[in-house]
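Trainee: Here you go, this is input.txt (compact mmCIF, C-alpha atoms and all ligand atoms).
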```
# COMPACT_ATOMS: atom_id res chain seq x y z
CA MET A 1 26.89 2.37 26.05
CA ILE A 2 28.68 1.49 22.81
CA GLU A 3 32.45 1.09 23.03
CA LEU A 4 34.12 2.13 19.80
CA SER A 5 36.33 -0.70 18.62
CA THR A 6 40.07 -0.28 18.20
CA GLU A 7 40.38 -3.64 16.41
CA SER A 8 39.76 -2.49 12.86
CA TRP A 9 38.30 0.39 10.89
CA ALA A 10 35.41 -1.79 9.77
CA GLN A 11 34.52 -2.67 13.36
CA ARG A 12 34.85 0.90 14.46
CA ARG A 13 32.53 1.87 11.60
CA ASP A 14 30.01 -0.78 12.69
CA ASP A 15 30.16 0.59 16.23
CA TRP A 16 29.54 4.11 14.96
CA GLU A 17 26.44 2.94 13.10
CA LYS A 18 25.13 1.43 16.34
CA LEU A 19 26.06 4.53 18.33
CA LEU A 20 24.27 6.89 15.94
CA PHE A 21 21.17 4.74 16.17
CA GLU A 22 21.36 4.58 19.96
CA LEU A 23 21.90 8.32 20.42
CA PHE A 24 19.97 9.79 17.51
CA ASN A 25 17.55 7.06 16.57
CA ASP A 26 18.90 7.40 13.05
CA ARG A 27 19.87 4.33 11.06
CA VAL A 28 22.82 5.38 8.94
CA TYR A 29 25.09 3.44 6.60
CA ILE A 30 28.74 4.36 6.79
CA GLY A 31 30.34 3.14 3.58
CA PHE A 32 34.05 2.88 2.79
CA SER A 33 35.17 3.96 -0.67
CA SER A 34 37.17 0.73 -1.14
CA GLU A 35 34.09 -1.41 -0.46
CA LEU A 36 32.06 0.60 -2.92
CA GLY A 37 34.65 0.40 -5.71
CA LEU A 38 35.37 4.14 -5.68
CA PRO A 39 38.76 5.63 -6.64
CA GLU A 40 41.37 6.27 -3.94
CA ASP A 41 41.98 9.85 -5.01
CA THR A 42 38.44 11.15 -4.62
CA SER A 43 37.95 14.89 -4.22
CA TRP A 44 36.47 14.30 -0.75
CA LEU A 45 37.56 12.51 2.41
CA GLY A 46 34.06 12.12 3.71
CA VAL A 47 30.77 12.91 2.08
CA PHE A 48 27.08 12.80 2.74
CA LEU A 49 25.09 12.14 -0.39
CA PRO A 50 21.38 11.34 -0.48
CA SER A 51 20.88 8.10 -2.40
CA ALA A 52 24.42 6.87 -1.71
CA ASP A 53 22.70 3.93 -0.01
CA LEU A 54 22.05 2.67 -3.56
CA LEU A 55 25.77 1.97 -3.84
CA ILE A 56 25.71 0.04 -0.55
CA ARG A 57 22.96 -2.09 -2.02
CA GLU A 58 24.92 -2.58 -5.23
CA ALA A 59 28.37 -3.26 -3.78
CA CYS A 60 27.63 -4.62 -0.28
CA PRO A 61 24.20 -6.26 -0.60
CA GLN A 62 24.74 -8.21 2.63
CA ARG A 63 24.78 -4.91 4.54
CA PHE A 64 21.73 -3.41 2.87
CA ASP A 65 18.42 -3.73 4.68
CA GLY A 66 16.48 -0.69 3.50
CA ARG A 67 16.81 2.93 2.44
CA ARG A 68 18.85 5.02 4.89
CA HIS A 69 20.97 8.10 5.24
CA THR A 70 24.44 7.22 4.02
CA ILE A 71 27.81 8.77 4.53
CA VAL A 72 30.91 7.58 2.72
CA LEU A 73 34.50 7.81 3.95
CA ASN A 74 37.58 7.55 1.77
CA ASP A 75 39.29 4.76 3.70
CA SER A 76 42.47 4.91 1.60
CA ILE A 77 43.60 7.71 3.92
CA PHE A 78 43.27 5.56 7.03
CA GLY A 79 46.03 3.20 5.96
CA ASP A 80 47.46 0.89 8.62
CA VAL A 81 47.18 3.43 11.37
CA ASP A 82 47.71 2.02 14.81
CA LEU A 83 44.21 1.68 16.16
CA THR A 84 45.42 1.69 19.75
CA THR A 85 45.89 5.45 19.50
CA PRO A 86 42.74 7.58 19.64
CA GLN A 87 41.24 7.85 16.16
CA VAL A 88 40.16 11.44 16.44
CA ASP A 89 40.24 12.13 12.71
CA PHE A 90 38.07 9.15 11.85
CA ASP A 91 35.54 9.96 14.55
CA SER A 92 35.48 13.67 13.74
CA LEU A 93 34.92 12.89 10.09
CA VAL A 94 31.98 10.64 10.93
CA ALA A 95 30.47 13.27 13.24
CA HIS A 96 30.92 16.01 10.63
CA GLU A 97 29.26 14.01 7.87
CA PHE A 98 26.50 12.88 10.20
CA GLY A 99 25.79 16.58 10.77
CA HIS A 100 25.19 16.89 7.03
CA ALA A 101 22.85 13.89 7.18
CA ILE A 102 20.77 15.64 9.85
CA GLN A 103 20.91 18.85 7.82
CA GLY A 104 19.79 17.09 4.65
CA PRO A 105 16.45 15.71 3.58
CA VAL A 106 14.92 12.63 5.19
CA PRO A 107 16.08 9.47 3.39
CA ASP A 108 14.42 8.67 0.12
CA GLN A 109 11.86 5.93 0.78
CA LYS A 110 11.37 4.85 -2.81
CA PRO A 111 12.03 1.09 -2.81
CA ALA A 112 15.63 0.56 -3.97
CA GLU A 113 14.63 -2.09 -6.49
CA THR A 114 12.45 0.44 -8.33
CA VAL A 115 15.22 3.02 -8.71
CA SER A 116 16.58 3.18 -12.23
CA LEU A 117 20.04 1.87 -12.97
CA ARG A 118 20.85 5.19 -14.57
CA ARG A 119 20.29 6.92 -11.26
CA VAL A 120 22.56 4.46 -9.46
CA ALA A 121 25.20 5.14 -12.11
CA GLY A 122 24.68 8.87 -11.51
CA VAL A 123 25.38 8.44 -7.78
CA ARG A 124 28.53 6.46 -8.58
CA LYS A 125 29.67 9.11 -11.03
CA ILE A 126 29.33 11.90 -8.48
CA LEU A 127 31.17 9.96 -5.78
CA SER A 128 33.90 9.00 -8.24
CA LEU A 129 34.92 12.59 -8.83
CA ARG A 130 38.69 12.67 -8.49
CA ARG A 131 40.77 15.38 -6.93
CA ALA A 132 42.40 16.18 -10.27
CA ASP A 133 39.03 16.50 -12.01
CA GLU A 134 37.55 18.81 -9.45
CA PRO A 135 35.94 21.84 -11.07
CA SER A 136 37.78 25.08 -10.36
CA ALA A 137 36.43 27.11 -7.47
CA ASP A 138 33.15 28.82 -8.19
CA ASN A 139 33.38 32.28 -6.67
CA SER A 140 29.61 32.62 -6.47
CA VAL A 141 29.52 29.87 -3.84
CA PRO A 142 30.61 31.07 -0.39
CA GLU A 143 33.45 29.26 1.36
CA TRP A 144 31.15 28.15 4.14
CA HIS A 145 28.68 26.62 1.71
CA TYR A 146 26.71 23.91 3.56
CA HIS A 147 28.57 24.80 6.78
CA GLY A 148 26.43 27.74 7.82
CA ASP A 149 24.57 28.55 11.03
CA ASP A 150 22.12 25.66 10.62
CA PHE A 151 24.96 23.15 10.26
CA ILE A 152 26.97 24.63 13.14
CA ARG A 153 23.95 24.38 15.41
CA ILE A 154 23.42 20.73 14.47
CA LEU A 155 27.09 19.98 15.07
CA LEU A 156 26.97 21.56 18.53
CA HIS A 157 23.89 19.58 19.52
CA ALA A 158 25.32 16.36 18.09
CA SER A 159 28.76 16.75 19.65
CA ARG A 160 27.25 17.44 23.06
CA ARG A 161 25.23 14.23 22.87
CA LEU A 162 28.30 12.33 21.72
CA ALA A 163 30.40 13.79 24.54
CA ALA A 164 27.74 12.74 27.06
CA ALA A 165 28.09 9.24 25.63
CA GLY A 166 31.87 9.35 26.13
CA VAL A 167 32.92 10.32 22.59
CA GLU A 168 34.92 13.53 22.93
CA LEU A 169 35.70 15.19 19.62
CA ASP A 170 38.18 17.92 18.78
CA ASP A 171 36.44 21.12 17.63
CA SER A 172 38.99 22.02 14.98
CA GLU A 173 38.96 18.54 13.46
CA MET A 174 35.20 18.33 13.44
CA PHE A 175 34.77 21.83 12.02
CA ALA A 176 37.54 23.48 10.00
CA ASN A 177 36.34 27.01 10.79
CA SER A 178 39.26 28.81 9.14
CA ARG A 179 38.62 26.90 5.94
CA TYR A 180 35.10 28.25 5.94
CA SER A 181 36.20 31.74 7.06
CA LEU A 182 34.05 31.48 10.16
CA SER A 183 34.56 31.87 13.91
CA PRO A 184 35.76 28.87 15.93
CA LEU A 185 33.19 26.32 17.01
CA ALA A 186 33.88 27.20 20.65
CA TRP A 187 32.58 30.74 20.09
CA TYR A 188 29.38 29.38 18.61
CA ARG A 189 29.06 26.93 21.49
CA HIS A 190 29.31 29.78 23.95
CA ALA A 191 26.72 31.79 22.02
CA LEU A 192 24.34 28.83 21.83
CA GLY A 193 24.43 28.62 25.62
CA SER A 194 22.41 25.91 27.34
CA GLU A 195 20.25 25.08 24.31
CA PRO A 196 21.92 21.70 23.54
CA ALA A 197 21.59 20.64 27.19
CA ASP A 198 18.05 21.97 27.52
CA ARG A 199 16.94 20.07 24.42
CA ALA A 200 19.03 16.93 24.91
CA GLU A 201 15.96 14.71 25.19
CA LEU A 202 14.30 15.98 22.01
CA PRO A 203 14.72 14.28 18.65
CA MET A 204 17.59 16.03 16.87
CA ARG A 205 15.50 17.64 14.16
CA LEU A 206 13.17 19.13 16.76
CA ALA A 207 16.07 20.24 18.94
CA VAL A 208 17.43 22.41 16.15
CA ALA A 209 14.05 23.71 14.98
CA GLY A 210 13.01 27.30 15.51
CA ASP A 211 15.25 30.27 16.16
CA PRO A 212 18.50 29.83 18.10
CA PRO A 213 19.40 32.30 20.89
CA GLU A 214 19.95 35.84 19.67
CA ALA A 215 23.66 35.75 20.58
CA PHE A 216 24.15 32.81 18.22
CA THR A 217 22.37 34.57 15.37
CA GLN A 218 24.35 37.73 16.06
CA LEU A 219 27.66 35.87 15.90
CA TRP A 220 26.63 34.37 12.58
CA ARG A 221 25.65 37.78 11.23
CA ASP A 222 28.99 39.18 12.35
CA ASP A 223 30.77 36.32 10.59
CA LEU A 224 28.89 37.05 7.40
CA LYS A 225 29.76 40.71 7.63
CA ASN A 226 33.41 39.80 7.85
CA HIS A 227 33.02 37.31 5.07
CA THR A 228 30.90 38.86 2.38
CA PRO A 229 27.83 41.05 2.70
CA SER A 230 25.86 39.06 0.15
CA ALA A 231 26.72 35.63 1.51
CA ARG A 232 23.37 34.96 3.12
CA LYS A 233 21.57 35.81 -0.10
CA GLU A 234 23.89 33.49 -1.97
CA ARG A 235 23.05 30.64 0.35
CA ASP A 236 19.38 31.02 -0.52
CA GLY A 237 20.27 31.17 -4.18
CA ILE A 238 22.21 27.92 -4.06
CA ARG A 239 19.09 25.79 -3.79
CA ASP A 240 17.77 27.35 -6.98
CA ALA A 241 21.07 26.93 -8.74
CA THR A 242 21.15 23.20 -8.03
CA ARG A 243 18.03 22.72 -10.10
CA ASP A 244 19.94 23.80 -13.20
CA GLU A 245 22.86 21.64 -12.18
CA GLU A 246 20.63 18.63 -11.92
CA GLN A 247 19.34 19.15 -15.44
CA ALA A 248 22.85 19.57 -16.76
CA LEU A 249 23.88 16.26 -15.24
CA HIS A 250 20.94 14.37 -16.73
CA ILE A 251 20.52 12.37 -13.58
CA SER A 252 16.95 13.25 -12.96
CA ASP A 253 14.82 10.62 -11.31
CA ALA A 254 11.35 12.02 -10.93
CA GLY A 255 10.36 13.05 -7.45
CA SER A 256 13.65 12.84 -5.65
CA SER A 257 16.03 14.41 -8.12
CA PHE A 258 16.28 17.65 -6.23
CA ASP A 259 17.77 16.06 -3.13
CA PHE A 260 20.24 14.29 -5.29
CA ALA A 261 21.30 17.39 -7.18
CA SER A 262 21.51 19.62 -4.13
CA SER A 263 24.07 17.27 -2.67
CA PHE A 264 26.32 17.58 -5.68
CA TYR A 265 27.92 20.73 -4.43
CA ASP A 266 28.64 19.25 -1.07
CA SER A 267 30.30 16.18 -2.50
CA SER A 268 32.55 18.19 -4.75
CA GLU A 269 33.34 20.67 -2.04
CA GLU A 270 34.32 18.30 0.72
CA PRO A 271 37.76 18.86 2.17
CA LEU A 272 41.07 17.93 0.62
CA ALA A 273 43.02 18.50 3.80
CA PRO A 274 43.35 15.54 6.21
CA ASN A 275 41.40 17.35 8.92
CA MET A 276 38.44 17.85 6.60
ZN ZN A 301 31.08 19.27 5.31
```
Just give me the structure of the file as structure tokens.

Mentor:
Amino acid sequence: MIELSTESWAQRRDDWEKLLFELFNDRVYIGFSSELGLPEDTSWLGVFLPSADLLIREACPQRFDGRRHTIVLNDSIFGDVDLTTPQVDFDSLVAHEFGHAIQGPVPDQKPAETVSLRRVAGVRKILSLRRADEPSADNSVPEWHYHGDDFIRILLHASRRLAAAGVELDDSEMFANSRYSLSPLAWYRHALGSEPADRAELPMRLAVAGDPPEAFTQLWRDDLKNHTPSARKERDGIRDATRDEEQALHISDAGSSFDFASSFYDSSEEPLAPNM
């Protein structure tokens, strides 16, 4: 079992990478904004962005050994926190963003050296979005955007596996339900029942395939009713909308541009509050 280091953030990050591989068989880069040359006042604290591994290759070539899912944390917020106290925020942030990695597409396998420099610059531009430059809220995008029933289910499966490995995470720090105008994670956990335990041996993507228990779906429907009647339709519309966004950004890179563009919303939407 991996012990999460309390020596330094970088070591704790390295341990998380090993832990995610051990538990989920998923090789993930966890990048720090300072290492990647990103601004301190980014609009996000943590972000999952397909193709962000291109920045790891560019800024930390010694860490890069192939295309992988990549999450980035704004380490300017960690400061000189005493690492002897439990680092719940750090760990919750990693778990939350890892949930997005599972939710997202499989990593782009196009060899990094064949990816255009313009695309790498496009990734950097998106991740460099500052708080002050954040576009004003788009009312057509629901508050829970990217944090819907599929994400909640992933988070519940992932957090159970992490807890079994000794990493206990705080529900409200891992999932800011009130921010998304949704029910608490504990309610969803109850509704999901024994599914995470029953499927604990399955690969994550298989474990969350197919329909969840009816109670879980019903809770989600109830949440949507309280939220906005058209929210579910909007979620389906978001994927279409990102295609236009991608064209507007001129960051197209044939074949994989859709993944890239669809992540734009998530990166700009990630939390401003310390608890994500
Ligand atoms: Zn998120």

Trainee: Can you pull out the residues contacting Pro212 in chain A? Cut-off 12 Å, using only C-alpha atoms, and skip same-chain residues under 5 positions away; I want them as an MDAnalysis selection string.

Mentor: chainID A and resid 149:150 152:154 156:157 188:189 191:196 199 207 217:220

Trainee: Quick one: everything within 9 Å of Arg161 in chain A, counting all atoms listed in the file, minus sequence neighbours fewer than 4 positions away in the same chain. Send it as an mmCIF file with C-alpha atoms, in the coordinates of the input.

Mentor:
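The file below, part29.cif, is the result:
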```cif
data_model
loop_
_atom_site.group_PDB
_atom_site.id
_atom_site.type_symbol
_atom_site.label_atom_id
_atom_site.label_comp_id
_atom_site.auth_asym_id
_atom_site.auth_seq_id
_atom_site.Cartn_x
_atom_site.Cartn_y
_atom_site.Cartn_z
ATOM 1 C CA LEU A 23 21.900 8.320 20.420
ATOM 2 C CA PHE A 24 19.970 9.790 17.510
ATOM 3 C CA LEU A 156 26.970 21.560 18.530
ATOM 4 C CA HIS A 157 23.890 19.580 19.520
ATOM 5 C CA ALA A 165 28.090 9.240 25.630
ATOM 6 C CA GLY A 166 31.870 9.350 26.130
ATOM 7 C CA VAL A 167 32.920 10.320 22.590
ATOM 8 C CA PRO A 196 21.920 21.700 23.540
ATOM 9 C CA ALA A 197 21.590 20.640 27.190
ATOM 10 C CA ALA A 200 19.030 16.930 24.910
#
```

Trainee: Could you state the separation of CA of Phe32 in chain A and CA of Asn74 in chain A in Å, given to one decimal place?

Mentor: 5.9 Å

Trainee: A:His69, A:His100, A:Arg160, A:Arg221: which is nearest ligand ZN 301 (chain A), counting all atoms listed in the file?

Mentor: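 So, comparing all the options, the nearest one is A:His100.
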
Trainee: Considering all atoms listed in the file, return as a list in words whatever protein or nucleic-acid residues lie within 6 Å of Ser43 in chain A, sequence-local ones (same chain, fewer than 5 positions apart) excluded.

Mentor: Leu129, Arg130 and Arg131 of chain A

Trainee: Would you kindly return, as a ChimeraX atom specification, each protein, DNA or RNA residue with an atom no farther than 8 Å from any atom of Leu4 in chain A, considering all atoms listed in the file and excluding same-chain residues fewer than 3 positions away?

Mentor: /A:12,15-16

Trainee: Could you give me, as a VMD selection string, the residues within 7 Å of range 102-114 of chain A, counting only C-alpha atoms and dropping anything in the same chain fewer than 2 positions from it?

Mentor: chain A and resid 50 to 51 54 67 to 69 98 to 100 116 151 259

Trainee: Could you tell me which of A:Lys125, A:Ala158, A:Val115, A:His145 comes closest to Glu201 in chain A if we count only C-alpha atoms?

Mentor: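 For Glu201 in chain A, the nearest of the given residues is A:Ala158.
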
Trainee: Report, in Å to a single decimal, how far apart CA of Leu55 in chain A and CA of Glu17 in chain A are.

Mentor: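 Interatomic distance here is 17.0 Å.
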
Trainee: Report the distance between CA of Gly66 in chain A and CA of Asp89 in chain A in Å, rounded to one decimal place.

Mentor: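 Answer for the CA of Gly66 in chain A to CA of Asp89 in chain A separation: 28.5 Å.
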